[in-house]
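K.L.:
Here it is: the structure, laid out below.
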Amino acid sequence: VGIDINDSDGWLNNTENIIHGNSIEGRCGVVAMKYQEARGHGIENFMIRMKARLDDFEIIIREMENFLWMHRIGVHLEQFYSRARADALADWEKKTDITTAINIATKKRLTLLVKELKAKLATIGSSVSYTSVKKAKERHLGSKAIKRALEALACRRFQRLKESCTKNTLSIVNEWALFEESMAKNETKF
């Protein structure tokens with residue numbers, strides 16, 4: 001499409017070399033092509049090795065994300081049971097306060113107030129008891145233990161991942177440096 005692909009200047013054609021004194025004209029293209037071939041030699045294998053190392057790096061990144069999720073699950077678990085404990089305690093205190101108010105109103109013979117307080121007590125339900133508060137406390141303390149265990153496990157895994165990540169990064173840089181060094185040695189041959 002309008003691009004001349006003929007070698008009109010004789011860069012690649014060895015048969016049209018013109019000798020002027022001690023120099024040979026028309027061989028620059030051949031040398032440039034040989035240089036490009038030498039420069040590109042081995043790049044496919046290098047890219048395959050780098051891709052494998054970067055794939056390993058991607059796995060390490062995923063494992064780091066797992067560490068973050070593990071840590072976050074522990075925090076959310078503990079927060080959930082902390083709120084459940086606080087709610088159970090608040091309901092128990094509310095039930096105790098209403099029961100105390102009913103006892104006081106009964107002693108003072110305030111029957112209308114006693115009926116209203118008993119209706120409020122019925123809305124709280126029978127599931128609220130001191131036992132439910134104790135169970136909520138036990139679950140909360142259990143969730144704290146699970147959180148600590150998850151954090152310890154996550155921190156150990158994170159330390160191993162940091163070491164692995166550092167080694168992988170150094171191997172990538174080393175591989176690249178060795179490749180560039182070998183390419184530089186090949187280039188000096190021209």
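Starting from 1 in every chain, residues are counted up; chains themselves are A, B, ... following the order of the structure tokens, and ligands are numbered from 1 as listed.
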Excluding Phe67 in chain A and its own-chain neighbours fewer than 2 positions away, which residues fall within 12 Å of it when counting only C-alpha atoms? Please give them as JSON, numbers by chain.

P.N.:
{"A": [60, 61, 62, 63, 64, 65, 69, 70, 71, 72, 73, 74, 150, 151, 152, 153, 154, 155, 156, 157, 158, 159, 160, 161, 162]}

K.L.:
Show me, as an mmCIF file with N, CA and C atoms, in the first residue's frame, the residues that have an atom within 7 Å of range 142-147 of chain A when counting only C-alpha atoms, minus same-chain residues fewer than 2 positions from it.

P.N.:
```cif
data_model
loop_
_atom_site.group_PDB
_atom_site.id
_atom_site.type_symbol
_atom_site.label_atom_id
_atom_site.label_comp_id
_atom_site.auth_asym_id
_atom_site.auth_seq_id
_atom_site.Cartn_x
_atom_site.Cartn_y
_atom_site.Cartn_z
ATOM 1 N N GLY A 74 -11.430 -13.196 61.319
ATOM 2 C CA GLY A 74 -11.266 -13.219 62.773
ATOM 3 C C GLY A 74 -11.818 -11.963 63.425
ATOM 4 N N VAL A 75 -11.540 -10.820 62.839
ATOM 5 C CA VAL A 75 -12.027 -9.547 63.389
ATOM 6 C C VAL A 75 -13.551 -9.487 63.335
ATOM 7 N N LEU A 77 -15.703 -11.963 63.110
ATOM 8 C CA LEU A 77 -16.276 -12.977 63.995
ATOM 9 C C LEU A 77 -16.333 -12.459 65.429
ATOM 10 N N GLU A 78 -15.239 -11.890 65.888
ATOM 11 C CA GLU A 78 -15.192 -11.362 67.252
ATOM 12 C C GLU A 78 -16.162 -10.202 67.418
ATOM 13 N N TYR A 81 -19.877 -11.530 67.693
ATOM 14 C CA TYR A 81 -20.221 -12.099 68.996
ATOM 15 C C TYR A 81 -20.135 -11.070 70.114
ATOM 16 N N GLU A 138 -19.768 -16.718 76.703
ATOM 17 C CA GLU A 138 -18.900 -17.833 76.327
ATOM 18 C C GLU A 138 -18.604 -17.828 74.828
ATOM 19 N N ARG A 139 -19.618 -17.550 74.019
ATOM 20 C CA ARG A 139 -19.405 -17.480 72.566
ATOM 21 C C ARG A 139 -18.461 -16.328 72.215
ATOM 22 N N HIS A 140 -18.638 -15.199 72.904
ATOM 23 C CA HIS A 140 -17.769 -14.052 72.639
ATOM 24 C C HIS A 140 -16.325 -14.374 73.012
ATOM 25 N N ALA A 149 -6.125 -17.104 67.367
ATOM 26 C CA ALA A 149 -5.519 -18.224 66.636
ATOM 27 C C ALA A 149 -5.409 -17.913 65.142
ATOM 28 N N LEU A 150 -6.451 -17.316 64.571
ATOM 29 C CA LEU A 150 -6.410 -16.946 63.151
ATOM 30 C C LEU A 150 -5.345 -15.887 62.885
ATOM 31 N N GLU A 151 -5.228 -14.918 63.796
ATOM 32 C CA GLU A 151 -4.217 -13.881 63.619
ATOM 33 C C GLU A 151 -2.813 -14.467 63.694
#
```

K.L.:
Ranking A:Ile172, A:Ala177, A:Met50, A:Leu141 by minimum distance to Ser82 in chain A and counting only C-alpha atoms, which one comes first?

P.N.:
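Residue with the minimum atom-to-atom distance to Ser82 in chain A: A:Leu141.
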
K.L.:
Quick one: residues within 9 Å of Lys118 in chain A, only C-alpha atoms counted, chain neighbours fewer than 6 positions away excluded, as a PyMOL selection string?

P.N.:
chain A and resi 98-99+102

K.L.:
Output all heavy atoms for every residue in the selection just made, as a PDB file, in the first residue's frame.

P.N.:
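Once everything was written out, this is part22.pdb:
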```pdb
ATOM      1  N   ILE A  98     -37.588  -4.182  84.270  1.00  0.00           N
ATOM      2  CA  ILE A  98     -39.052  -4.271  84.184  1.00  0.00           C
ATOM      3  C   ILE A  98     -39.596  -5.155  85.305  1.00  0.00           C
ATOM      4  O   ILE A  98     -40.603  -4.819  85.946  1.00  0.00           O
ATOM      5  CB  ILE A  98     -39.488  -4.781  82.795  1.00  0.00           C
ATOM      6  CG1 ILE A  98     -39.173  -3.722  81.735  1.00  0.00           C
ATOM      7  CG2 ILE A  98     -40.972  -5.127  82.785  1.00  0.00           C
ATOM      8  CD1 ILE A  98     -39.399  -4.179  80.310  1.00  0.00           C
ATOM      9  N   THR A  99     -38.899  -6.262  85.576  1.00  0.00           N
ATOM     10  CA  THR A  99     -39.338  -7.158  86.661  1.00  0.00           C
ATOM     11  C   THR A  99     -39.265  -6.434  88.003  1.00  0.00           C
ATOM     12  O   THR A  99     -40.187  -6.550  88.832  1.00  0.00           O
ATOM     13  CB  THR A  99     -38.463  -8.428  86.691  1.00  0.00           C
ATOM     14  OG1 THR A  99     -38.499  -9.037  85.412  1.00  0.00           O
ATOM     15  CG2 THR A  99     -38.956  -9.418  87.732  1.00  0.00           C
ATOM     16  N   ILE A 102     -42.133  -4.041  88.150  1.00  0.00           N
ATOM     17  CA  ILE A 102     -43.393  -4.769  88.404  1.00  0.00           C
ATOM     18  C   ILE A 102     -43.514  -5.081  89.895  1.00  0.00           C
ATOM     19  O   ILE A 102     -44.591  -4.896  90.497  1.00  0.00           O
ATOM     20  CB  ILE A 102     -43.465  -6.067  87.558  1.00  0.00           C
ATOM     21  CG1 ILE A 102     -43.692  -5.732  86.095  1.00  0.00           C
ATOM     22  CG2 ILE A 102     -44.569  -6.995  88.067  1.00  0.00           C
ATOM     23  CD1 ILE A 102     -43.604  -6.926  85.165  1.00  0.00           C
TER      24      ILE A 102
END
```

K.L.:
Would you please give, as a PyMOL selection string, all residues of chain A that DSSP assigns to strand (DSSP E or B) based on the backbone?

P.N.:
chain A and resi 18-20+23-25

K.L.:
Which residues are close to range 121-130 of chain A, i.e. within 12 Å by only C-alpha atoms, leaving aside same-chain residues fewer than 5 positions away? Reply as a PDB file with N, CA and C atoms, in the first residue's frame.

P.N.:
```pdb
ATOM      1  N   ARG A  85     -23.289 -10.387  72.463  1.00  0.00           N
ATOM      2  CA  ARG A  85     -23.158 -10.384  73.932  1.00  0.00           C
ATOM      3  C   ARG A  85     -23.719  -9.101  74.513  1.00  0.00           C
ATOM      4  N   ASP A  87     -25.971  -7.137  73.180  1.00  0.00           N
ATOM      5  CA  ASP A  87     -27.434  -7.152  73.012  1.00  0.00           C
ATOM      6  C   ASP A  87     -28.091  -8.052  74.050  1.00  0.00           C
ATOM      7  N   ALA A  88     -27.518  -9.225  74.278  1.00  0.00           N
ATOM      8  CA  ALA A  88     -28.083 -10.156  75.268  1.00  0.00           C
ATOM      9  C   ALA A  88     -28.041  -9.540  76.660  1.00  0.00           C
ATOM     10  N   LEU A  89     -26.943  -8.883  76.981  1.00  0.00           N
ATOM     11  CA  LEU A  89     -26.824  -8.237  78.295  1.00  0.00           C
ATOM     12  C   LEU A  89     -27.812  -7.085  78.427  1.00  0.00           C
ATOM     13  N   ALA A  90     -27.963  -6.299  77.352  1.00  0.00           N
ATOM     14  CA  ALA A  90     -28.911  -5.181  77.394  1.00  0.00           C
ATOM     15  C   ALA A  90     -30.342  -5.695  77.557  1.00  0.00           C
ATOM     16  N   ASP A  91     -30.693  -6.767  76.840  1.00  0.00           N
ATOM     17  CA  ASP A  91     -32.036  -7.350  76.987  1.00  0.00           C
ATOM     18  C   ASP A  91     -32.247  -7.887  78.396  1.00  0.00           C
ATOM     19  N   TRP A  92     -31.235  -8.537  78.951  1.00  0.00           N
ATOM     20  CA  TRP A  92     -31.339  -9.072  80.311  1.00  0.00           C
ATOM     21  C   TRP A  92     -31.526  -7.939  81.321  1.00  0.00           C
ATOM     22  N   GLU A  93     -30.750  -6.873  81.157  1.00  0.00           N
ATOM     23  CA  GLU A  93     -30.883  -5.731  82.079  1.00  0.00           C
ATOM     24  C   GLU A  93     -32.259  -5.090  81.944  1.00  0.00           C
ATOM     25  N   LYS A  94     -32.755  -4.997  80.722  1.00  0.00           N
ATOM     26  CA  LYS A  94     -34.092  -4.432  80.493  1.00  0.00           C
ATOM     27  C   LYS A  94     -35.152  -5.312  81.162  1.00  0.00           C
ATOM     28  N   LYS A  95     -35.025  -6.627  81.023  1.00  0.00           N
ATOM     29  CA  LYS A  95     -35.973  -7.555  81.639  1.00  0.00           C
ATOM     30  C   LYS A  95     -35.901  -7.449  83.165  1.00  0.00           C
ATOM     31  N   THR A  96     -34.691  -7.350  83.685  1.00  0.00           N
ATOM     32  CA  THR A  96     -34.513  -7.221  85.139  1.00  0.00           C
ATOM     33  C   THR A  96     -35.124  -5.920  85.640  1.00  0.00           C
ATOM     34  N   ASP A  97     -34.892  -4.837  84.908  1.00  0.00           N
ATOM     35  CA  ASP A  97     -35.466  -3.542  85.309  1.00  0.00           C
ATOM     36  C   ASP A  97     -36.992  -3.587  85.300  1.00  0.00           C
ATOM     37  N   ILE A  98     -37.588  -4.182  84.270  1.00  0.00           N
ATOM     38  CA  ILE A  98     -39.052  -4.271  84.184  1.00  0.00           C
ATOM     39  C   ILE A  98     -39.596  -5.155  85.305  1.00  0.00           C
ATOM     40  N   THR A  99     -38.899  -6.262  85.576  1.00  0.00           N
ATOM     41  CA  THR A  99     -39.338  -7.158  86.661  1.00  0.00           C
ATOM     42  C   THR A  99     -39.265  -6.434  88.003  1.00  0.00           C
ATOM     43  N   THR A 100     -38.216  -5.682  88.219  1.00  0.00           N
ATOM     44  CA  THR A 100     -38.087  -4.900  89.458  1.00  0.00           C
ATOM     45  C   THR A 100     -39.199  -3.859  89.541  1.00  0.00           C
ATOM     46  N   ALA A 101     -39.481  -3.194  88.435  1.00  0.00           N
ATOM     47  CA  ALA A 101     -40.557  -2.193  88.417  1.00  0.00           C
ATOM     48  C   ALA A 101     -41.912  -2.849  88.679  1.00  0.00           C
ATOM     49  N   ILE A 102     -42.133  -4.041  88.150  1.00  0.00           N
ATOM     50  CA  ILE A 102     -43.393  -4.769  88.404  1.00  0.00           C
ATOM     51  C   ILE A 102     -43.514  -5.081  89.895  1.00  0.00           C
ATOM     52  N   VAL A 114     -48.845  -2.185  86.566  1.00  0.00           N
ATOM     53  CA  VAL A 114     -48.401  -3.579  86.550  1.00  0.00           C
ATOM     54  C   VAL A 114     -48.796  -4.238  85.240  1.00  0.00           C
ATOM     55  N   LYS A 115     -50.021  -3.968  84.752  1.00  0.00           N
ATOM     56  CA  LYS A 115     -50.470  -4.546  83.487  1.00  0.00           C
ATOM     57  C   LYS A 115     -49.611  -4.048  82.323  1.00  0.00           C
ATOM     58  N   GLU A 116     -49.313  -2.748  82.297  1.00  0.00           N
ATOM     59  CA  GLU A 116     -48.467  -2.195  81.226  1.00  0.00           C
ATOM     60  C   GLU A 116     -47.065  -2.796  81.258  1.00  0.00           C
ATOM     61  N   LYS A 135     -24.224 -17.720  77.957  1.00  0.00           N
ATOM     62  CA  LYS A 135     -23.871 -18.370  76.689  1.00  0.00           C
ATOM     63  C   LYS A 135     -23.300 -17.361  75.697  1.00  0.00           C
ATOM     64  N   ALA A 136     -23.891 -16.166  75.662  1.00  0.00           N
ATOM     65  CA  ALA A 136     -23.378 -15.123  74.764  1.00  0.00           C
ATOM     66  C   ALA A 136     -21.957 -14.731  75.161  1.00  0.00           C
ATOM     67  N   LYS A 137     -21.700 -14.675  76.471  1.00  0.00           N
ATOM     68  CA  LYS A 137     -20.350 -14.346  76.955  1.00  0.00           C
ATOM     69  C   LYS A 137     -19.369 -15.445  76.548  1.00  0.00           C
TER      70      LYS A 137
END
```

K.L.:
Could you pull the residues within 9 Å of range 37-46 of chain A, counting only C-alpha atoms, minus those fewer than 5 positions along the same chain, as a PyMOL selection string?

P.N.:
chain A and resi 32+51+175-176+179+183-184+186-187

K.L.:
Could you write out the selected residues, including N, CA and C atoms, as a PDB file, in the first residue's frame?

P.N.:
```pdb
ATOM      1  N   ALA A  32      23.275  -5.207  10.398  1.00  0.00           N
ATOM      2  CA  ALA A  32      22.170  -4.842  11.286  1.00  0.00           C
ATOM      3  C   ALA A  32      21.236  -6.026  11.501  1.00  0.00           C
ATOM      4  N   LYS A  51       7.859 -15.528  32.599  1.00  0.00           N
ATOM      5  CA  LYS A  51       6.426 -15.742  32.778  1.00  0.00           C
ATOM      6  C   LYS A  51       6.174 -16.742  33.902  1.00  0.00           C
ATOM      7  N   GLU A 175      17.705 -13.177  37.222  1.00  0.00           N
ATOM      8  CA  GLU A 175      17.492 -13.780  35.892  1.00  0.00           C
ATOM      9  C   GLU A 175      17.606 -12.719  34.800  1.00  0.00           C
ATOM     10  N   TRP A 176      16.997 -11.570  35.045  1.00  0.00           N
ATOM     11  CA  TRP A 176      17.033 -10.495  34.060  1.00  0.00           C
ATOM     12  C   TRP A 176      18.464  -9.974  33.876  1.00  0.00           C
ATOM     13  N   PHE A 179      20.473 -12.420  31.873  1.00  0.00           N
ATOM     14  CA  PHE A 179      20.085 -12.361  30.466  1.00  0.00           C
ATOM     15  C   PHE A 179      20.711 -11.143  29.790  1.00  0.00           C
ATOM     16  N   MET A 183      23.396 -11.033  26.754  1.00  0.00           N
ATOM     17  CA  MET A 183      23.110 -10.264  25.538  1.00  0.00           C
ATOM     18  C   MET A 183      24.240  -9.269  25.263  1.00  0.00           C
ATOM     19  N   ALA A 184      24.746  -8.653  26.323  1.00  0.00           N
ATOM     20  CA  ALA A 184      25.847  -7.699  26.140  1.00  0.00           C
ATOM     21  C   ALA A 184      27.091  -8.410  25.613  1.00  0.00           C
ATOM     22  N   ASN A 186      27.101 -11.097  23.746  1.00  0.00           N
ATOM     23  CA  ASN A 186      26.822 -11.395  22.346  1.00  0.00           C
ATOM     24  C   ASN A 186      26.974 -10.147  21.481  1.00  0.00           C
ATOM     25  N   GLU A 187      26.584  -9.002  21.997  1.00  0.00           N
ATOM     26  CA  GLU A 187      26.686  -7.766  21.235  1.00  0.00           C
ATOM     27  C   GLU A 187      28.131  -7.350  20.997  1.00  0.00           C
TER      28      GLU A 187
END
```

K.L.:
Separation of CA of Ala86 in chain A and CA of Val133 in chain A, in Å?

P.N.:
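Taking CA of Ala86 in chain A and CA of Val133 in chain A, their separation equals 8.8 Å.
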